[in-house]
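Everything below belongs to model07.txt, which stores compact mmCIF, C-alpha atoms.
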```
# COMPACT_ATOMS: atom_id res chain seq x y z
CA MET A 1 -39.04 191.32 1.17
CA LYS A 2 -38.93 189.37 4.42
CA LEU A 3 -38.65 191.62 7.50
CA ALA A 4 -38.18 190.81 11.17
CA VAL A 5 -38.82 193.22 14.01
CA MET A 6 -37.56 193.31 17.59
CA VAL A 7 -39.33 195.36 20.28
CA ASN A 8 -37.35 196.08 23.45
CA GLU A 9 -39.59 198.58 25.22
CA GLY A 10 -42.89 198.17 27.01
CA PRO A 11 -46.14 199.76 25.84
CA TYR A 12 -47.03 203.30 26.95
CA THR A 13 -43.38 203.99 27.83
CA HIS A 14 -41.88 206.07 25.06
CA GLN A 15 -42.81 205.20 21.53
CA ALA A 16 -41.16 201.94 20.48
CA SER A 17 -44.35 199.82 20.48
CA ASP A 18 -46.16 202.44 18.41
CA THR A 19 -43.32 202.94 15.94
CA ALA A 20 -42.86 199.18 15.50
CA TYR A 21 -46.60 198.75 14.96
CA SER A 22 -46.82 201.57 12.40
CA PHE A 23 -43.73 200.29 10.59
CA ILE A 24 -45.17 196.77 10.39
CA ARG A 25 -48.51 198.08 9.13
CA ALA A 26 -46.73 200.04 6.40
CA ALA A 27 -44.58 197.03 5.49
CA LEU A 28 -47.63 194.79 5.20
CA ASP A 29 -49.44 197.44 3.14
CA ALA A 30 -46.46 197.52 0.78
CA GLY A 31 -46.71 193.74 0.34
CA HIS A 32 -43.73 192.70 2.46
CA GLU A 33 -43.70 189.67 4.70
CA ILE A 34 -43.19 190.03 8.45
CA PHE A 35 -41.22 186.94 9.39
CA ARG A 36 -41.53 187.48 13.14
CA VAL A 37 -41.90 190.12 15.85
CA PHE A 38 -39.68 189.33 18.82
CA PHE A 39 -40.40 190.99 22.16
CA TYR A 40 -37.42 191.22 24.47
CA HIS A 41 -36.56 192.97 27.76
CA ASP A 42 -39.47 195.25 28.82
CA GLY A 43 -40.94 194.64 25.37
CA VAL A 44 -42.54 191.48 26.80
CA HIS A 45 -45.13 193.74 28.51
CA ASN A 46 -46.68 194.15 25.03
CA GLY A 47 -47.97 190.60 25.47
CA THR A 48 -50.19 190.72 28.58
CA ARG A 49 -53.92 190.54 27.93
CA LEU A 50 -54.69 192.09 31.35
CA THR A 51 -53.87 195.58 30.07
CA THR A 52 -56.76 198.04 30.42
CA PRO A 53 -55.90 201.48 29.04
CA PRO A 54 -58.51 204.28 29.16
CA GLN A 55 -61.16 203.84 26.49
CA ASP A 56 -60.09 206.93 24.53
CA ASP A 57 -56.48 205.67 24.34
CA ARG A 58 -55.11 203.14 21.88
CA HIS A 59 -55.05 199.58 23.17
CA ILE A 60 -51.51 198.57 22.28
CA VAL A 61 -51.83 194.92 23.30
CA ASN A 62 -55.15 194.34 21.51
CA ARG A 63 -53.73 196.11 18.50
CA TRP A 64 -50.94 193.52 18.30
CA SER A 65 -53.41 190.65 18.77
CA GLU A 66 -55.67 192.00 16.03
CA LEU A 67 -52.77 192.52 13.63
CA SER A 68 -51.56 189.01 14.35
CA GLU A 69 -55.02 187.62 13.66
CA ALA A 70 -55.39 189.58 10.42
CA HIS A 71 -51.95 188.81 9.02
CA ASP A 72 -50.97 185.59 10.78
CA LEU A 73 -48.09 187.39 12.51
CA ASP A 74 -45.70 185.38 14.67
CA LEU A 75 -45.47 187.36 17.94
CA VAL A 76 -42.80 185.83 20.15
CA VAL A 77 -42.11 186.81 23.74
CA CYS A 78 -38.69 185.92 25.17
CA VAL A 79 -39.17 183.33 27.89
CA ALA A 80 -36.43 184.55 30.26
CA ALA A 81 -37.54 188.18 30.00
CA ALA A 82 -41.17 187.06 30.43
CA GLN A 83 -40.44 185.00 33.55
CA ARG A 84 -38.72 187.95 35.19
CA ARG A 85 -41.65 190.25 34.42
CA GLY A 86 -44.60 187.94 35.06
CA ILE A 87 -45.74 187.29 31.50
CA VAL A 88 -47.09 183.75 31.63
CA ASP A 89 -48.77 181.32 29.24
CA PRO A 90 -50.63 178.19 30.42
CA ASP A 91 -47.52 175.97 30.07
CA GLU A 92 -45.30 178.39 31.96
CA ALA A 93 -47.96 178.81 34.66
CA LYS A 94 -48.04 175.07 35.17
CA ARG A 95 -44.26 174.66 35.14
CA ASN A 96 -43.69 177.47 37.62
CA GLY A 97 -46.69 176.76 39.85
CA LYS A 98 -48.59 179.98 39.08
CA ASP A 99 -52.33 180.29 39.64
CA SER A 100 -53.07 181.87 36.25
CA ASP A 101 -51.65 183.05 32.96
CA ASN A 102 -51.86 186.38 31.15
CA ILE A 103 -50.49 185.91 27.64
CA ALA A 104 -52.48 187.85 25.05
CA PRO A 105 -54.01 186.17 21.97
CA GLY A 106 -51.57 185.84 19.10
CA PHE A 107 -48.48 185.87 21.32
CA ARG A 108 -46.37 182.85 22.20
CA ILE A 109 -43.50 182.41 24.64
CA SER A 110 -40.26 181.00 23.30
CA GLY A 111 -36.51 181.41 23.50
CA LEU A 112 -33.80 183.68 22.12
CA GLY A 113 -33.18 181.15 19.35
CA GLN A 114 -36.29 182.59 17.73
CA LEU A 115 -34.57 185.97 17.50
CA ILE A 116 -31.44 184.43 16.00
CA GLU A 117 -33.53 182.53 13.49
CA ALA A 118 -35.39 185.72 12.58
CA GLY A 119 -32.05 187.48 12.03
CA VAL A 120 -30.85 184.66 9.78
CA GLN A 121 -34.07 184.05 7.84
CA ALA A 122 -35.26 187.61 7.31
CA ASP A 123 -33.75 190.03 4.81
CA ARG A 124 -33.76 192.82 7.40
CA LEU A 125 -34.01 192.96 11.19
CA LEU A 126 -35.26 196.22 12.66
CA VAL A 127 -34.89 197.00 16.35
CA PHE A 128 -37.24 199.34 18.19
CA GLY A 129 -36.59 200.26 21.78
CA ASP A 130 -35.36 202.92 24.11
CA MET B 1 -26.74 200.98 5.62
CA LEU B 2 -29.78 202.67 7.14
CA HIS B 3 -29.22 204.21 10.56
CA THR B 4 -32.24 205.09 12.67
CA VAL B 5 -31.84 207.58 15.52
CA ASN B 6 -34.71 207.85 18.00
CA LYS B 7 -33.22 210.19 20.60
CA SER B 8 -33.13 213.95 20.62
CA PRO B 9 -29.57 215.30 20.35
CA PHE B 10 -30.51 217.48 23.35
CA GLU B 11 -30.80 214.39 25.58
CA SER B 12 -28.41 211.85 24.08
CA ALA B 13 -25.19 211.58 22.08
CA SER B 14 -26.60 208.91 19.77
CA LEU B 15 -26.96 211.20 16.75
CA LYS B 16 -23.40 212.44 17.21
CA THR B 17 -22.09 208.89 17.57
CA CYS B 18 -24.07 207.80 14.54
CA LEU B 19 -22.71 210.66 12.43
CA GLY B 20 -19.19 209.79 13.53
CA LEU B 21 -19.50 206.21 12.34
CA ALA B 22 -21.89 206.38 9.38
CA GLN B 23 -20.10 205.75 6.10
CA SER B 24 -20.51 207.99 3.10
CA GLY B 25 -23.49 206.82 1.07
CA SER B 26 -25.51 205.69 4.07
CA ASP B 27 -28.95 206.89 5.00
CA ILE B 28 -29.95 208.27 8.40
CA LEU B 29 -33.60 208.35 9.41
CA LEU B 30 -34.56 210.45 12.42
CA ILE B 31 -37.57 208.98 14.23
CA GLU B 32 -39.43 209.58 17.50
CA ASP B 33 -37.56 212.23 19.57
CA GLY B 34 -34.72 211.93 17.05
CA VAL B 35 -36.62 214.34 14.80
CA TYR B 36 -35.57 217.23 17.06
CA GLY B 37 -32.13 216.74 15.47
CA ALA B 38 -33.58 217.84 12.13
CA LEU B 39 -34.31 221.38 13.33
CA ALA B 40 -32.40 224.27 11.81
CA GLY B 41 -30.94 226.95 14.05
CA THR B 42 -30.08 224.89 17.11
CA ILE B 43 -26.71 224.11 18.71
CA HIS B 44 -26.85 220.69 17.05
CA THR B 45 -27.67 221.91 13.55
CA THR B 46 -24.09 222.21 12.29
CA MET B 47 -23.08 218.57 12.72
CA LEU B 48 -26.07 217.31 10.77
CA ALA B 49 -25.94 220.06 8.14
CA GLU B 50 -22.29 219.19 7.48
CA ALA B 51 -23.10 215.51 7.09
CA THR B 52 -25.94 215.96 4.59
CA GLY B 53 -24.57 215.37 1.15
CA ALA B 54 -22.24 212.44 1.78
CA ILE B 55 -25.08 211.00 3.88
CA SER B 56 -28.77 211.30 3.07
CA VAL B 57 -30.77 212.41 6.09
CA TYR B 58 -34.49 211.79 6.47
CA ALA B 59 -37.01 212.63 9.20
CA LEU B 60 -40.21 210.73 9.91
CA GLY B 61 -43.13 213.04 9.09
CA PRO B 62 -45.68 211.68 11.59
CA ASP B 63 -43.15 212.18 14.42
CA LEU B 64 -42.45 215.77 13.33
CA LYS B 65 -46.17 216.41 13.25
CA ALA B 66 -46.75 214.82 16.67
CA ARG B 67 -44.23 217.26 18.11
CA GLY B 68 -45.55 220.32 16.31
CA LEU B 69 -42.40 220.75 14.24
CA PRO B 70 -43.20 222.31 10.86
CA GLU B 71 -41.20 221.13 7.85
CA ASP B 72 -40.06 224.68 7.06
CA ARG B 73 -38.01 224.69 10.26
CA LEU B 74 -35.86 221.77 9.15
CA ILE B 75 -32.26 221.87 7.99
CA PRO B 76 -32.28 222.25 4.19
CA GLY B 77 -31.60 218.93 2.47
CA ILE B 78 -33.40 216.80 5.05
CA LYS B 79 -36.18 214.84 3.39
CA VAL B 80 -39.43 214.08 5.18
CA VAL B 81 -40.85 210.58 4.74
CA GLY B 82 -43.83 208.66 6.11
CA TYR B 83 -43.85 205.09 7.43
CA ASP B 84 -44.05 203.90 3.82
CA GLY B 85 -40.80 205.77 3.18
CA PHE B 86 -39.32 204.17 6.32
CA VAL B 87 -40.14 200.74 4.87
CA GLU B 88 -38.64 201.71 1.52
CA LEU B 89 -35.43 202.91 3.19
CA ALA B 90 -35.19 199.68 5.22
CA CYS B 91 -35.52 197.63 2.04
CA ALA B 92 -33.22 199.82 -0.09
CA ASN B 93 -30.35 199.46 2.40
CA ASP B 94 -28.73 196.08 3.04
CA LYS B 95 -28.70 196.54 6.83
CA VAL B 96 -30.52 198.60 9.43
CA GLN B 97 -28.72 199.89 12.51
CA SER B 98 -30.90 201.28 15.30
CA TRP B 99 -29.14 203.77 17.54
CA LEU B 100 -31.15 203.38 20.72
```
What does the file become when written as structure tokens?
Amino acid sequence: MKLAVMVNEGPYTHQASDTAYSFIRAALDAGHEIFRVFFYHDGVHNGTRLTTPPQDDRHIVNRWSELSEAHDLDLVVCVAAAQRRGIVDPDEAKRNGKDSDNIAPGFRISGLGQLIEAGVQADRLLVFGD
Amino acid sequence: MLHTVNKSPFESASLKTCLGLAQSGSDILLIEDGVYGALAGTIHTTMLAEATGAISVYALGPDLKARGLPEDRLIPGIKVVGYDGFVELACANDKVQSWL
């Protein structure tokens, strides 16, 4: 089955990033396809590569990047939510005159249309947030 | 429809609202702090105990464990599932409604 996931909460806040990650892992293990993971609102903080949690803690951002690499996951960060919160890719940095970018590997910045498309194309859309 | 509830009934009305709107035959999965709603012998036990039957209620095992809640303290009839069970419930139901 084709599943899409939306994450609306930042990492290390409550549990949404962890629950979404564990759900996706289980879905992939069961042979399902993850059509897209869409990060919205504070969920965009899942996509900054500058995160440095303590070494004995899980690295939520790297975990997403590694899962994306292993399973060719489409990790999409909402552009408007990202701009508000300072999540920037090289194109956005250039367009908005920023001196650097911070998007993590495997993530890309795009618009809300990507969420709508995920809702239309996938068999199920699951929302994780606070 | 699968309803997921991630808030404790002690902090939020989402479980109550969910129970008020869930149709007979739906599934409810308690996740994250929502698993506190699965406990027997609390002021919130009655509403969930009354709903089980027409509605199937599940609790996510890893979240129970993370909170130190043993399965023998749950309301009878509530089934404990893992993330694999969560995936199965999401696929078995035609829609998933997250009560956030």
May I have the residues of chain A within 7 Å of chain B, counting only C-alpha atoms, written as number ranges by chain?
-> A: 15, 22-23, 26-27, 124-127, 129-130
Neighbours of A:Pro11 within 9 Å (all atoms listed in the file; same-chain residues fewer than 3 positions away dropped), as a PyMOL selection string?
-> chain A and resi 14-18+42-43+45-46+60-61
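For the residues A:Arg36, A:Cys78, A:Lys94, A:Pro54, ranking by smallest atom-to-atom distance to A:Leu112 using all atoms listed in the file places A:Cys78 first.
Taking all atoms listed in the file into account, A:Val79 lies nearest to A:Ser110 out of the set A:Gln55, A:Asn102, A:Asn96, A:Ser110.
Between atom CA of B:Ser56 and atom CA of A:Phe35 the separation is 28.1 Å.
Each of A:Pro90, A:Gly119, A:Gly97, A:Gly106 was checked against A:Val77 using only C-alpha atoms; the smallest atom-to-atom distance is that of A:Gly106.
Taking all atoms listed in the file into account, B:Ala40 lies nearest to B:Leu69 out of the set B:Glu11, B:Val80, B:Gly61, B:Leu69.
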Point-to-point distance from atom CA of B:Val35 to atom CA of A:Gly10, Å rounded to tenths | 21.2 Å
Between A:Arg84, A:Gly47, A:His71, A:Asp57, which one has atoms that come closest to A:Ile109, using all atoms listed in the file?
-> A:Gly47
Extract, using all atoms listed in the file, all DNA, RNA and protein residues at most 6 Å from B:Ile28, discarding same-chain residues fewer than 3 positions from it, and format them as a list in words.
-> Leu2, His3, Thr4 and Val57 of chain B
Could you take the residues named above and write them with C-alpha atoms, as an mmCIF file, in the frame of the given file?
```
data_model
loop_
_atom_site.group_PDB
_atom_site.id
_atom_site.type_symbol
_atom_site.label_atom_id
_atom_site.label_comp_id
_atom_site.auth_asym_id
_atom_site.auth_seq_id
_atom_site.Cartn_x
_atom_site.Cartn_y
_atom_site.Cartn_z
ATOM 1 C CA LEU B 2 -29.780 202.670 7.140
ATOM 2 C CA HIS B 3 -29.220 204.210 10.560
ATOM 3 C CA THR B 4 -32.240 205.090 12.670
ATOM 4 C CA VAL B 57 -30.770 212.410 6.090
#
```
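Put simply, atom CA of B:Ser12 is 27.4 Å away from atom CA of A:Leu115.
Close contacts of B:Ala49, defined as residues with an atom at most 9 Å away when counting all atoms listed in the file, with chain neighbours fewer than 2 positions off set aside, comprise B:Ala38, B:Ala40, B:His44, B:Thr45, B:Thr46, B:Met47, B:Ala51, B:Thr52, B:Gly53, B:Ile75, B:Pro76, B:Gly77, B:Ile78.
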For A:Leu73, which of A:Val37, A:Ala118, A:Ala4, A:Glu9 is the closest residue, counting only C-alpha atoms?
-> A:Val37
Mind checking which residues fall within 8 Å of B:Tyr36, counting only C-alpha atoms, ignoring those fewer than 2 positions away in the same chain, and posting them as JSON, numbers by chain?
-> {"B": [8, 9, 33, 34, 38, 39, 64]}
Would you write out those residues with C-alpha atoms, as a compact mmCIF listing (two decimals), keeping the file's coordinate frame?
```txt
# COMPACT_ATOMS: atom_id res chain seq x y z
CA SER B 8 -33.13 213.95 20.62
CA PRO B 9 -29.57 215.30 20.35
CA ASP B 33 -37.56 212.23 19.57
CA GLY B 34 -34.72 211.93 17.05
CA ALA B 38 -33.58 217.84 12.13
CA LEU B 39 -34.31 221.38 13.33
CA LEU B 64 -42.45 215.77 13.33
```
Please complete stretch 1-31 of chain A so it has N, CA and C atoms, and hand it over as a compact mmCIF listing (two decimals), in the coordinates of the input.
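The new file rebuild.txt reads:
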```txt
# COMPACT_ATOMS: atom_id res chain seq x y z
N MET A 1 -40.22 191.58 0.33
CA MET A 1 -39.04 191.32 1.17
C MET A 1 -39.49 190.78 2.53
N LYS A 2 -38.60 189.99 3.13
CA LYS A 2 -38.93 189.37 4.42
C LYS A 2 -38.31 190.21 5.55
N LEU A 3 -39.14 190.72 6.44
CA LEU A 3 -38.65 191.62 7.50
C LEU A 3 -38.92 191.01 8.87
N ALA A 4 -37.98 191.21 9.77
CA ALA A 4 -38.18 190.81 11.17
C ALA A 4 -38.05 192.04 12.05
N VAL A 5 -38.79 192.05 13.14
CA VAL A 5 -38.82 193.22 14.01
C VAL A 5 -38.58 192.78 15.45
N MET A 6 -37.80 193.57 16.17
CA MET A 6 -37.56 193.31 17.59
C MET A 6 -38.05 194.53 18.38
N VAL A 7 -38.80 194.27 19.45
CA VAL A 7 -39.33 195.36 20.28
C VAL A 7 -38.78 195.19 21.70
N ASN A 8 -38.05 196.19 22.16
CA ASN A 8 -37.35 196.08 23.45
C ASN A 8 -37.93 196.97 24.54
N GLU A 9 -39.03 197.62 24.25
CA GLU A 9 -39.59 198.58 25.22
C GLU A 9 -41.05 198.28 25.46
N GLY A 10 -41.51 198.46 26.67
CA GLY A 10 -42.89 198.17 27.01
C GLY A 10 -43.85 199.16 26.38
N PRO A 11 -45.16 198.83 26.39
CA PRO A 11 -46.14 199.76 25.84
C PRO A 11 -46.32 200.97 26.75
N TYR A 12 -46.75 202.07 26.17
CA TYR A 12 -47.03 203.30 26.95
C TYR A 12 -45.80 203.82 27.68
N THR A 13 -44.60 203.50 27.19
CA THR A 13 -43.38 203.99 27.83
C THR A 13 -42.89 205.20 27.06
N HIS A 14 -42.16 204.96 25.97
CA HIS A 14 -41.88 206.07 25.06
C HIS A 14 -42.71 205.83 23.80
N GLN A 15 -42.06 205.29 22.79
CA GLN A 15 -42.81 205.20 21.53
C GLN A 15 -42.52 203.93 20.76
N ALA A 16 -41.64 203.06 21.28
CA ALA A 16 -41.16 201.94 20.48
C ALA A 16 -42.29 201.02 19.99
N SER A 17 -43.25 200.71 20.87
CA SER A 17 -44.35 199.82 20.48
C SER A 17 -45.15 200.44 19.34
N ASP A 18 -45.37 201.75 19.43
CA ASP A 18 -46.16 202.44 18.41
C ASP A 18 -45.41 202.51 17.08
N THR A 19 -44.11 202.84 17.17
CA THR A 19 -43.32 202.94 15.94
C THR A 19 -43.23 201.59 15.26
N ALA A 20 -42.97 200.54 16.06
CA ALA A 20 -42.86 199.18 15.50
C ALA A 20 -44.17 198.79 14.83
N TYR A 21 -45.29 199.09 15.51
CA TYR A 21 -46.60 198.75 14.96
C TYR A 21 -46.85 199.48 13.63
N SER A 22 -46.59 200.79 13.62
CA SER A 22 -46.82 201.57 12.40
C SER A 22 -45.91 201.11 11.27
N PHE A 23 -44.66 200.78 11.62
CA PHE A 23 -43.73 200.29 10.59
C PHE A 23 -44.25 198.97 9.99
N ILE A 24 -44.68 198.08 10.86
CA ILE A 24 -45.17 196.77 10.39
C ILE A 24 -46.41 196.94 9.51
N ARG A 25 -47.31 197.82 9.94
CA ARG A 25 -48.51 198.08 9.13
C ARG A 25 -48.12 198.56 7.73
N ALA A 26 -47.17 199.48 7.69
CA ALA A 26 -46.73 200.04 6.40
C ALA A 26 -46.05 198.97 5.56
N ALA A 27 -45.28 198.10 6.22
CA ALA A 27 -44.58 197.03 5.49
C ALA A 27 -45.59 196.04 4.90
N LEU A 28 -46.60 195.71 5.69
CA LEU A 28 -47.63 194.79 5.20
C LEU A 28 -48.41 195.43 4.05
N ASP A 29 -48.72 196.72 4.21
CA ASP A 29 -49.44 197.44 3.14
C ASP A 29 -48.64 197.44 1.84
N ALA A 30 -47.31 197.48 1.98
CA ALA A 30 -46.46 197.52 0.78
C ALA A 30 -46.22 196.11 0.22
N GLY A 31 -46.82 195.10 0.87
CA GLY A 31 -46.71 193.74 0.34
C GLY A 31 -45.53 192.94 0.86
```
